[in-house]
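Peer 1: What follows is the file work06.cif, containing mmCIF, C-alpha atoms:
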```cif
data_my_file
loop_
_atom_site.group_PDB
_atom_site.id
_atom_site.type_symbol
_atom_site.label_atom_id
_atom_site.label_comp_id
_atom_site.auth_asym_id
_atom_site.auth_seq_id
_atom_site.Cartn_x
_atom_site.Cartn_y
_atom_site.Cartn_z
ATOM 1 C CA MET A 205 6.168 -86.312 -56.609
ATOM 2 C CA ALA A 206 5.985 -83.660 -53.886
ATOM 3 C CA GLY A 207 7.481 -81.111 -56.256
ATOM 4 C CA TYR A 208 4.763 -81.725 -58.819
ATOM 5 C CA SER A 209 2.097 -81.224 -56.174
ATOM 6 C CA GLU A 210 3.100 -77.550 -55.946
ATOM 7 C CA TYR A 211 1.670 -77.116 -59.437
ATOM 8 C CA LEU A 212 -1.682 -78.256 -58.078
ATOM 9 C CA HIS A 213 -1.527 -75.731 -55.254
ATOM 10 C CA PHE A 214 -0.675 -72.742 -57.413
ATOM 11 C CA GLY A 215 -2.942 -74.035 -60.174
ATOM 12 C CA THR A 216 -5.843 -73.959 -57.713
ATOM 13 C CA ILE A 217 -4.960 -70.358 -56.844
ATOM 14 C CA ALA A 218 -4.993 -69.390 -60.512
ATOM 15 C CA MET A 219 -8.161 -71.282 -61.405
ATOM 16 C CA ALA A 220 -10.183 -69.903 -58.483
ATOM 17 C CA GLY A 221 -9.658 -66.401 -59.796
ATOM 18 C CA ALA A 222 -9.510 -66.973 -63.552
ATOM 19 C CA ILE A 223 -12.339 -69.459 -64.171
ATOM 20 C CA ASN A 224 -14.807 -67.496 -62.059
ATOM 21 C CA ALA A 225 -13.761 -64.308 -63.843
ATOM 22 C CA ILE A 226 -14.493 -65.927 -67.223
ATOM 23 C CA GLY A 227 -18.059 -66.784 -66.240
ATOM 24 C CA VAL A 228 -18.676 -63.409 -64.624
ATOM 25 C CA GLY A 229 -17.195 -61.525 -67.569
ATOM 26 C CA ILE A 230 -19.431 -63.311 -70.077
ATOM 27 C CA GLY A 231 -22.484 -62.852 -67.842
ATOM 28 C CA GLN A 232 -21.854 -59.139 -67.420
ATOM 29 C CA GLY A 233 -21.351 -58.785 -71.155
ATOM 30 C CA ILE A 234 -24.736 -60.401 -71.821
ATOM 31 C CA THR A 235 -26.359 -58.030 -69.327
ATOM 32 C CA SER A 236 -24.693 -54.965 -70.861
ATOM 33 C CA ARG A 237 -25.833 -55.976 -74.330
ATOM 34 C CA ALA A 238 -29.412 -56.393 -73.067
ATOM 35 C CA ALA A 239 -29.263 -52.914 -71.504
ATOM 36 C CA ILE A 240 -28.194 -51.401 -74.824
ATOM 37 C CA GLU A 241 -30.968 -53.275 -76.636
ATOM 38 C CA GLY A 242 -33.481 -52.031 -74.076
ATOM 39 C CA ILE A 243 -32.351 -48.425 -74.435
ATOM 40 C CA ASN A 244 -32.679 -48.726 -78.213
ATOM 41 C CA GLN A 245 -36.248 -49.981 -77.753
ATOM 42 C CA GLN A 246 -37.216 -47.365 -75.147
ATOM 43 C CA SER A 247 -34.746 -44.492 -75.028
ATOM 44 C CA SER A 248 -36.873 -42.550 -72.526
ATOM 45 C CA ALA A 249 -36.222 -45.300 -69.933
ATOM 46 C CA ARG A 250 -32.432 -45.261 -70.306
ATOM 47 C CA ASN A 251 -31.864 -44.179 -66.693
ATOM 48 C CA GLU A 252 -34.041 -46.961 -65.276
ATOM 49 C CA ILE A 253 -32.511 -49.563 -67.603
ATOM 50 C CA THR A 254 -28.984 -48.437 -66.741
ATOM 51 C CA LYS A 255 -29.746 -48.671 -63.018
ATOM 52 C CA THR A 256 -31.171 -52.171 -63.432
ATOM 53 C CA ALA A 257 -28.166 -53.305 -65.467
ATOM 54 C CA ILE A 258 -25.629 -51.913 -62.969
ATOM 55 C CA LEU A 259 -27.344 -53.561 -59.997
ATOM 56 C CA GLY A 260 -27.589 -56.832 -61.905
ATOM 57 C CA MET A 261 -23.905 -56.783 -62.853
ATOM 58 C CA ALA A 262 -22.955 -55.982 -59.263
ATOM 59 C CA LEU A 263 -24.686 -59.139 -58.068
ATOM 60 C CA ILE A 264 -23.224 -61.182 -60.919
ATOM 61 C CA GLU A 265 -19.805 -60.033 -59.659
ATOM 62 C CA THR A 266 -20.282 -62.130 -56.498
ATOM 63 C CA ALA A 267 -18.713 -65.241 -58.030
ATOM 64 C CA ALA A 268 -15.559 -63.376 -59.042
ATOM 65 C CA VAL A 269 -15.251 -61.835 -55.566
ATOM 66 C CA MET A 270 -15.539 -65.268 -53.945
ATOM 67 C CA GLY A 271 -12.933 -66.733 -56.285
ATOM 68 C CA THR A 272 -10.533 -63.869 -55.661
ATOM 69 C CA PHE A 273 -10.962 -64.243 -51.908
ATOM 70 C CA ILE A 274 -10.051 -67.940 -52.038
ATOM 71 C CA SER A 275 -7.071 -67.204 -54.297
ATOM 72 C CA PHE A 276 -5.694 -64.619 -51.848
ATOM 73 C CA LEU A 277 -6.297 -66.957 -48.912
ATOM 74 C CA LEU A 278 -4.400 -69.816 -50.538
ATOM 75 C CA LEU A 279 -1.635 -67.494 -51.677
ATOM 76 C CA LEU A 280 -1.106 -66.158 -48.165
ATOM 77 C CA GLN A 281 -1.086 -69.685 -46.825
ATOM 78 C CA ALA A 282 1.537 -70.681 -49.384
ATOM 79 C CA ARG A 283 3.818 -67.937 -48.102
ATOM 80 C CA THR A 284 3.512 -68.901 -44.436
ATOM 81 C CA ASN A 285 3.130 -72.699 -44.348
ATOM 82 C CA ALA A 286 4.902 -75.658 -45.887
ATOM 83 C CA HIS A 287 2.588 -78.033 -47.740
ATOM 84 C CA SER A 288 2.756 -81.781 -48.076
ATOM 85 C CA TYR A 289 1.940 -83.719 -51.188
ATOM 86 C CA TYR A 290 -1.433 -84.777 -49.747
ATOM 87 C CA SER A 291 -2.331 -81.222 -48.736
ATOM 88 C CA ASN A 292 -1.695 -79.857 -52.205
ATOM 89 C CA LEU A 293 -3.556 -82.722 -53.849
ATOM 90 C CA ALA A 294 -6.562 -82.216 -51.570
ATOM 91 C CA GLU A 295 -6.902 -78.645 -52.827
ATOM 92 C CA ILE A 296 -8.361 -80.055 -56.028
ATOM 93 C CA GLY A 297 -11.542 -80.157 -53.929
ATOM 94 C CA ILE A 298 -11.290 -76.399 -53.391
ATOM 95 C CA ALA A 299 -10.982 -75.867 -57.140
ATOM 96 C CA PHE A 300 -14.147 -77.894 -57.777
ATOM 97 C CA ALA A 301 -16.110 -76.211 -54.980
ATOM 98 C CA ILE A 302 -15.335 -72.673 -56.147
ATOM 99 C CA CYS A 303 -14.791 -72.972 -59.902
ATOM 100 C CA CYS A 304 -17.774 -75.135 -60.889
ATOM 101 C CA SER A 305 -20.285 -73.054 -58.973
ATOM 102 C CA GLY A 306 -18.615 -69.726 -59.793
ATOM 103 C CA PHE A 307 -18.278 -70.277 -63.542
ATOM 104 C CA VAL A 308 -21.842 -71.518 -63.975
ATOM 105 C CA LEU A 309 -23.330 -68.799 -61.773
ATOM 106 C CA GLY A 310 -21.422 -66.086 -63.589
ATOM 107 C CA LEU A 311 -23.001 -67.230 -66.837
ATOM 108 C CA VAL A 312 -26.568 -68.017 -65.784
ATOM 109 C CA SER A 313 -26.984 -64.983 -63.506
ATOM 110 C CA ALA A 314 -27.133 -62.983 -66.719
ATOM 111 C CA PHE A 315 -30.441 -64.663 -67.682
ATOM 112 C CA PRO A 316 -32.667 -62.820 -65.172
ATOM 113 C CA ALA A 317 -30.568 -59.640 -65.406
ATOM 114 C CA ARG A 318 -31.025 -59.572 -69.192
ATOM 115 C CA ALA A 319 -34.752 -60.279 -68.891
ATOM 116 C CA ALA A 320 -35.124 -57.507 -66.302
ATOM 117 C CA CYS A 321 -33.445 -54.905 -68.538
ATOM 118 C CA LEU A 322 -35.782 -55.741 -71.414
ATOM 119 C CA ALA A 323 -38.773 -55.837 -69.043
ATOM 120 C CA VAL A 324 -37.981 -52.299 -67.855
ATOM 121 C CA ALA A 325 -37.877 -51.197 -71.495
ATOM 122 C CA ARG A 326 -41.418 -52.549 -71.917
ATOM 123 C CA GLN A 327 -42.715 -51.298 -68.548
ATOM 124 C CA PRO A 328 -40.668 -48.173 -67.654
ATOM 125 C CA PHE A 329 -43.218 -46.979 -65.082
ATOM 126 C CA PHE A 330 -42.945 -50.316 -63.278
ATOM 127 C CA SER A 331 -39.142 -50.317 -63.238
ATOM 128 C CA ALA A 332 -38.739 -50.106 -59.451
ATOM 129 C CA GLN A 333 -40.700 -53.312 -58.873
ATOM 130 C CA ILE A 334 -38.957 -55.128 -61.727
ATOM 131 C CA THR A 335 -35.526 -54.117 -60.437
ATOM 132 C CA ARG A 336 -36.397 -55.145 -56.901
ATOM 133 C CA PHE A 337 -37.665 -58.502 -58.104
ATOM 134 C CA MET A 338 -34.480 -59.060 -60.128
ATOM 135 C CA MET A 339 -32.300 -58.271 -57.119
ATOM 136 C CA ILE A 340 -34.188 -60.713 -54.898
ATOM 137 C CA SER A 341 -33.943 -63.429 -57.548
ATOM 138 C CA LEU A 342 -30.230 -62.838 -58.133
ATOM 139 C CA SER A 343 -29.551 -62.776 -54.394
ATOM 140 C CA LEU A 344 -31.172 -66.192 -53.986
ATOM 141 C CA LEU A 345 -29.262 -67.372 -57.036
ATOM 142 C CA GLN A 346 -25.956 -66.784 -55.246
ATOM 143 C CA THR A 347 -26.670 -69.560 -52.711
ATOM 144 C CA PRO A 348 -24.577 -72.215 -54.551
ATOM 145 C CA ILE A 349 -21.402 -70.097 -54.604
ATOM 146 C CA ILE A 350 -21.859 -69.273 -50.905
ATOM 147 C CA PHE A 351 -22.131 -72.990 -50.107
ATOM 148 C CA GLY A 352 -19.110 -73.613 -52.320
ATOM 149 C CA LEU A 353 -17.111 -70.996 -50.420
ATOM 150 C CA ILE A 354 -18.043 -72.530 -47.059
ATOM 151 C CA VAL A 355 -16.969 -76.017 -48.165
ATOM 152 C CA ALA A 356 -13.762 -74.649 -49.718
ATOM 153 C CA LEU A 357 -12.836 -72.974 -46.427
ATOM 154 C CA PHE A 358 -13.449 -76.208 -44.524
ATOM 155 C CA ILE A 359 -11.315 -78.148 -47.003
ATOM 156 C CA GLN A 360 -8.546 -75.579 -46.716
ATOM 157 C CA GLY A 361 -8.662 -75.850 -42.931
ATOM 158 C CA GLN A 362 -8.387 -79.642 -42.919
ATOM 159 C CA ALA A 363 -5.934 -80.092 -45.795
ATOM 160 C CA ALA A 364 -2.866 -79.113 -43.770
ATOM 161 C CA THR A 365 -3.333 -82.011 -41.309
ATOM 162 C CA ILE A 366 -4.071 -84.989 -43.558
ATOM 163 C CA ALA A 367 -1.442 -87.677 -44.116
ATOM 164 C CA THR A 368 -3.068 -90.362 -46.291
ATOM 165 C CA MET A 369 -4.431 -90.663 -49.820
ATOM 166 C CA ARG A 370 -7.685 -91.890 -48.313
ATOM 167 C CA ASP A 371 -8.271 -88.558 -46.554
ATOM 168 C CA THR A 372 -7.078 -86.680 -49.626
ATOM 169 C CA LEU A 373 -9.832 -88.352 -51.654
ATOM 170 C CA ARG A 374 -12.294 -87.556 -48.865
ATOM 171 C CA LEU A 375 -11.585 -83.820 -49.131
ATOM 172 C CA ILE A 376 -11.599 -83.912 -52.938
ATOM 173 C CA SER A 377 -14.957 -85.702 -52.836
ATOM 174 C CA SER A 378 -16.432 -82.979 -50.615
ATOM 175 C CA GLY A 379 -15.441 -80.277 -53.106
ATOM 176 C CA VAL A 380 -16.578 -82.315 -56.107
ATOM 177 C CA CYS A 381 -19.974 -82.927 -54.491
ATOM 178 C CA ILE A 382 -20.778 -79.270 -53.791
ATOM 179 C CA GLY A 383 -19.191 -78.097 -57.060
ATOM 180 C CA LEU A 384 -21.099 -80.461 -59.351
ATOM 181 C CA GLY A 385 -24.167 -80.257 -57.129
ATOM 182 C CA SER A 386 -24.421 -76.513 -57.688
ATOM 183 C CA ILE A 387 -24.667 -76.762 -61.483
ATOM 184 C CA GLY A 388 -28.233 -78.058 -61.848
ATOM 185 C CA PRO A 389 -29.881 -75.844 -59.203
ATOM 186 C CA ALA A 390 -28.021 -72.764 -60.489
ATOM 187 C CA ILE A 391 -29.277 -73.337 -64.028
ATOM 188 C CA GLY A 392 -32.786 -74.130 -62.781
ATOM 189 C CA LEU A 393 -32.945 -71.001 -60.620
ATOM 190 C CA ALA A 394 -31.731 -68.837 -63.494
ATOM 191 C CA LEU A 395 -34.231 -70.271 -65.989
ATOM 192 C CA PHE A 396 -37.076 -69.678 -63.562
ATOM 193 C CA ALA A 397 -35.982 -66.138 -62.636
ATOM 194 C CA GLN A 398 -35.624 -65.281 -66.328
ATOM 195 C CA LYS A 399 -39.203 -66.344 -67.116
ATOM 196 C CA ALA A 400 -40.512 -64.546 -64.036
ATOM 197 C CA CYS A 401 -38.851 -61.262 -65.056
ATOM 198 C CA GLU A 402 -40.086 -61.639 -68.619
ATOM 199 C CA GLY A 403 -43.609 -62.309 -67.368
ATOM 200 C CA ILE A 404 -43.684 -59.230 -65.130
ATOM 201 C CA GLY A 405 -42.519 -57.169 -68.093
ATOM 202 C CA ARG A 406 -45.482 -58.384 -70.123
ATOM 203 C CA ASN A 407 -48.145 -58.256 -67.417
ATOM 204 C CA ARG A 408 -47.376 -56.132 -64.380
ATOM 205 C CA GLU A 409 -50.806 -56.928 -62.913
ATOM 206 C CA ALA A 410 -49.496 -60.420 -62.115
ATOM 207 C CA TYR A 411 -46.632 -59.104 -59.951
ATOM 208 C CA THR A 412 -48.166 -60.107 -56.600
ATOM 209 C CA GLN A 413 -48.911 -63.658 -57.738
ATOM 210 C CA VAL A 414 -45.499 -64.068 -59.357
ATOM 211 C CA PHE A 415 -43.685 -62.772 -56.281
ATOM 212 C CA SER A 416 -45.367 -65.195 -53.880
ATOM 213 C CA PHE A 417 -44.879 -68.090 -56.284
ATOM 214 C CA THR A 418 -41.211 -67.159 -56.692
ATOM 215 C CA LEU A 419 -40.366 -67.439 -53.003
ATOM 216 C CA ILE A 420 -41.807 -70.953 -52.788
ATOM 217 C CA SER A 421 -40.489 -72.208 -56.122
ATOM 218 C CA GLN A 422 -36.934 -70.981 -55.656
ATOM 219 C CA ALA A 423 -36.815 -72.690 -52.267
ATOM 220 C CA ILE A 424 -37.840 -75.977 -53.918
ATOM 221 C CA ILE A 425 -35.378 -75.553 -56.795
ATOM 222 C CA GLU A 426 -32.564 -75.011 -54.271
ATOM 223 C CA THR A 427 -33.280 -78.308 -52.493
ATOM 224 C CA PRO A 428 -30.717 -80.360 -54.493
ATOM 225 C CA ILE A 429 -27.875 -77.989 -53.551
ATOM 226 C CA ILE A 430 -28.835 -78.462 -49.900
ATOM 227 C CA PHE A 431 -28.571 -82.231 -50.431
ATOM 228 C CA ALA A 432 -25.121 -81.731 -51.920
ATOM 229 C CA LEU A 433 -24.110 -79.555 -48.955
ATOM 230 C CA ILE A 434 -25.253 -82.255 -46.506
ATOM 231 C CA ILE A 435 -23.082 -84.886 -48.207
ATOM 232 C CA SER A 436 -20.126 -82.476 -48.425
ATOM 233 C CA VAL A 437 -20.342 -81.606 -44.734
ATOM 234 C CA SER A 438 -20.742 -85.301 -43.866
ATOM 235 C CA LEU A 439 -17.525 -86.072 -45.741
ATOM 236 C CA LEU A 440 -15.737 -83.314 -43.866
ATOM 237 C CA PHE A 441 -16.980 -83.888 -40.318
ATOM 238 C CA LEU A 442 -18.895 -87.161 -39.952
ATOM 239 C CA VAL A 443 -16.530 -89.498 -41.789
ATOM 240 C CA PRO A 444 -13.664 -90.093 -39.333
ATOM 241 C CA VAL A 445 -10.088 -89.161 -40.194
ATOM 242 C CA SER A 446 -7.798 -92.187 -40.610
ATOM 243 C CA ASN A 447 -4.038 -92.306 -40.146
ATOM 244 C CA GLN A 448 -3.895 -95.693 -41.852
ATOM 245 C CA GLU A 449 -3.870 -95.862 -45.627
ATOM 246 C CA ASN A 450 -6.942 -97.444 -47.233
ATOM 247 C CA LEU A 451 -7.186 -96.508 -50.891
ATOM 248 C CA LEU A 452 -10.347 -98.542 -51.513
ATOM 249 C CA ASP A 453 -12.065 -96.664 -48.703
ATOM 250 C CA GLY A 454 -10.986 -93.375 -50.287
ATOM 251 C CA ILE A 455 -12.394 -94.407 -53.665
ATOM 252 C CA ALA A 456 -15.739 -95.227 -52.016
ATOM 253 C CA LEU A 457 -15.791 -91.782 -50.420
ATOM 254 C CA LEU A 458 -15.037 -90.173 -53.772
ATOM 255 C CA ALA A 459 -17.863 -92.191 -55.351
ATOM 256 C CA ALA A 460 -20.254 -90.888 -52.664
ATOM 257 C CA GLY A 461 -19.462 -87.291 -53.551
ATOM 258 C CA LEU A 462 -19.766 -87.947 -57.266
ATOM 259 C CA CYS A 463 -23.082 -89.753 -56.808
ATOM 260 C CA THR A 464 -24.839 -86.807 -55.165
ATOM 261 C CA GLY A 465 -22.992 -84.160 -57.195
ATOM 262 C CA ILE A 466 -24.001 -85.674 -60.530
ATOM 263 C CA GLY A 467 -27.386 -86.852 -59.269
ATOM 264 C CA THR A 468 -28.565 -83.328 -58.477
ATOM 265 C CA ILE A 469 -27.868 -81.872 -61.938
ATOM 266 C CA GLY A 470 -30.976 -83.254 -63.657
ATOM 267 C CA PRO A 471 -33.456 -82.553 -60.833
ATOM 268 C CA GLY A 472 -32.148 -79.003 -60.390
ATOM 269 C CA ILE A 473 -32.576 -78.136 -64.074
ATOM 270 C CA SER A 474 -35.919 -79.920 -64.450
ATOM 271 C CA SER A 475 -37.375 -78.329 -61.323
ATOM 272 C CA GLY A 476 -36.409 -74.905 -62.676
ATOM 273 C CA GLN A 477 -37.938 -75.639 -66.071
ATOM 274 C CA THR A 478 -41.185 -76.786 -64.453
ATOM 275 C CA ALA A 479 -41.430 -73.643 -62.327
ATOM 276 C CA ALA A 480 -40.535 -71.480 -65.346
ATOM 277 C CA ALA A 481 -43.385 -72.982 -67.367
ATOM 278 C CA ALA A 482 -45.753 -72.434 -64.448
ATOM 279 C CA VAL A 483 -44.797 -68.787 -63.876
ATOM 280 C CA LYS A 484 -45.228 -68.091 -67.602
ATOM 281 C CA GLN A 485 -48.823 -69.317 -67.410
ATOM 282 C CA ILE A 486 -49.440 -67.329 -64.218
ATOM 283 C CA THR A 487 -48.391 -64.095 -65.949
ATOM 284 C CA ILE A 488 -50.666 -64.895 -68.876
ATOM 285 C CA ASN A 489 -53.650 -65.643 -66.601
ATOM 286 C CA PRO A 490 -53.107 -64.546 -62.981
ATOM 287 C CA ASP A 491 -56.492 -65.978 -61.943
ATOM 288 C CA THR A 492 -55.085 -69.511 -62.323
ATOM 289 C CA HIS A 493 -52.294 -68.784 -59.815
ATOM 290 C CA GLY A 494 -53.566 -71.154 -57.106
ATOM 291 C CA GLU A 495 -54.164 -74.170 -59.334
ATOM 292 C CA ILE A 496 -50.961 -73.796 -61.344
ATOM 293 C CA SER A 497 -48.909 -73.312 -58.163
ATOM 294 C CA ARG A 498 -50.224 -76.551 -56.672
ATOM 295 C CA ILE A 499 -49.549 -78.523 -59.836
ATOM 296 C CA SER A 500 -46.071 -77.055 -60.184
ATOM 297 C CA MET A 501 -45.084 -77.764 -56.574
ATOM 298 C CA PHE A 502 -46.407 -81.314 -56.800
ATOM 299 C CA ALA A 503 -44.409 -81.922 -59.983
ATOM 300 C CA GLN A 504 -41.282 -80.373 -58.468
ATOM 301 C CA GLY A 505 -41.657 -82.597 -55.419
ATOM 302 C CA LEU A 506 -41.675 -85.692 -57.631
ATOM 303 C CA ILE A 507 -38.633 -84.404 -59.516
ATOM 304 C CA GLU A 508 -36.702 -83.876 -56.276
ATOM 305 C CA ALA A 509 -37.197 -87.571 -55.447
ATOM 306 C CA ALA A 510 -34.527 -88.423 -58.031
ATOM 307 C CA ALA A 511 -31.995 -86.394 -56.052
ATOM 308 C CA ILE A 512 -33.035 -88.130 -52.841
ATOM 309 C CA TYR A 513 -32.185 -91.517 -54.394
ATOM 310 C CA ALA A 514 -28.669 -90.276 -55.139
ATOM 311 C CA VAL A 515 -28.304 -88.989 -51.565
ATOM 312 C CA LEU A 516 -29.367 -92.354 -50.140
ATOM 313 C CA ILE A 517 -26.737 -94.167 -52.208
ATOM 314 C CA SER A 518 -24.147 -91.644 -51.051
ATOM 315 C CA PHE A 519 -24.987 -92.262 -47.398
ATOM 316 C CA ILE A 520 -24.663 -95.995 -47.958
ATOM 317 C CA LEU A 521 -21.216 -95.453 -49.476
ATOM 318 C CA LEU A 522 -20.237 -93.218 -46.566
ATOM 319 C CA PHE A 523 -21.372 -95.260 -43.594
ATOM 320 C CA TYR A 524 -22.242 -98.807 -44.663
ATOM 321 C CA ARG A 525 -19.210 -99.934 -46.631
#
```
Can you give me the file's structure in the form of structure tokens?
Peer 2:
Amino acid sequence: MAGYSEYLHFGTIAMAGAINAIGVGIGQGITSRAAIEGINQQSSARNEITKTAILGMALIETAAVMGTFISFLLLLQARTNAHSYYSNLAEIGIAFAICCSGFVLGLVSAFPARAACLAVARQPFFSAQITRFMMISLSLLQTPIIFGLIVALFIQGQAATIATMRDTLRLISSGVCIGLGSIGPAIGLALFAQKACEGIGRNREAYTQVFSFTLISQAIIETPIIFALIISVSLLFLVPVSNQENLLDGIALLAAGLCTGIGTIGPGISSGQTAAAAVKQITINPDTHGEISRISMFAQGLIEAAAIYAVLISFILLFYR
């Protein structure tokens, strides 16, 4: 049994680098294709489009860098420390935390980067503002992979000391929660940023309204990933370590992570779609910015309530079993 667990350890090392690289590679390919399309539409703006594409691809690369860092860290640890069966099994949580968020982000980060390249082709004299807006949006979009990296490092730090299946499931649950919990908000953020970049490309006069609306909306869209982080950190530090085996307790902890991780997918996507529809209307008619912003934020607040229900159930599973 212990021998088979080594496959999990080295499999985690391979997946952290490879799966993230797949998502990033596809995302960068989509961005490059959009740059070529933009240059074909507006050859005089090829320098501005190329600059926008390169900066976008550099930010998309973040997920692959994070995955490679975790792979090297685990590989160095494998060379210096002996691992138990439970330690290797717990690293499944690291795979979820890094691979789910990294793969999805690598793909969806291409949405705003692609829209920005085409927007520059339509508005070459407004390229500096479009590129700056894209970079801000993509920077905020990297929040899920940063949270995933933090949780993965905590799991890696605790895995060497655990001695029960119950604590193994606790660490796996933490990684599952942040990994699955990053999917919905990442998609929602990307859909919103894509529509915002497209809108600026069509109506640059709405840039000020779109920018202010973006800062508020992206903060709301990111709320579910913060919920997932809270549950992940609670599993790591608030749930006490046990030296006595209790498999049923471990299953309850795993259910808590799954509850919040899955429960944030729908709200994250729907909140992003709502904000995307709102920003599209703002770019069409900037004078309606105030009214549309209020309606959008109210709707997003109601959507986030669904994620709160999942968090409440998770807390019950964690502390009131």
Peer 1: The PyMOL selection byres ((chain A and resi 318) around 12) - which residues does that actually catch in the file I just gave you? List them as JSON, numbers by chain.
Peer 2: {"A": [231, 232, 233, 234, 235, 236, 237, 238, 239, 240, 241, 242, 253, 254, 256, 257, 258, 259, 260, 261, 264, 311, 312, 313, 314, 315, 316, 317, 319, 320, 321, 322, 323, 324, 325, 334, 335, 338, 342, 394, 395, 397, 398, 399, 400, 401, 402, 405]}
Peer 1: Got a sec to resolve the PyMOL selection byres ((chain A and resi 451) around 12) on this structure and send the residues as a PyMOL selection string?
Peer 2: chain A and resi 368-374+446-450+452-458
Peer 1: Near Ser438 (chain A), counting all atoms listed in the file, which residues have an atom at most 9 Å away, once you skip same-chain residues fewer than 6 positions from it, shown as a ChimeraX atom specification?
Peer 2: /A:378,519,522
Peer 1: In Å, rounded to a single decimal, give me how far CA of Thr464 (chain A) is from CA of Gly392 (chain A).
Peer 2: 16.8 Å
Peer 1: To verify the selection step, state as a ChimeraX atom specification which residues the PyMOL selection byres ((chain A and resi 348) around 12) yields on this input.
Peer 2: /A:266-267,270,301-310,313,342-347,349-355,381-394,425-433,472
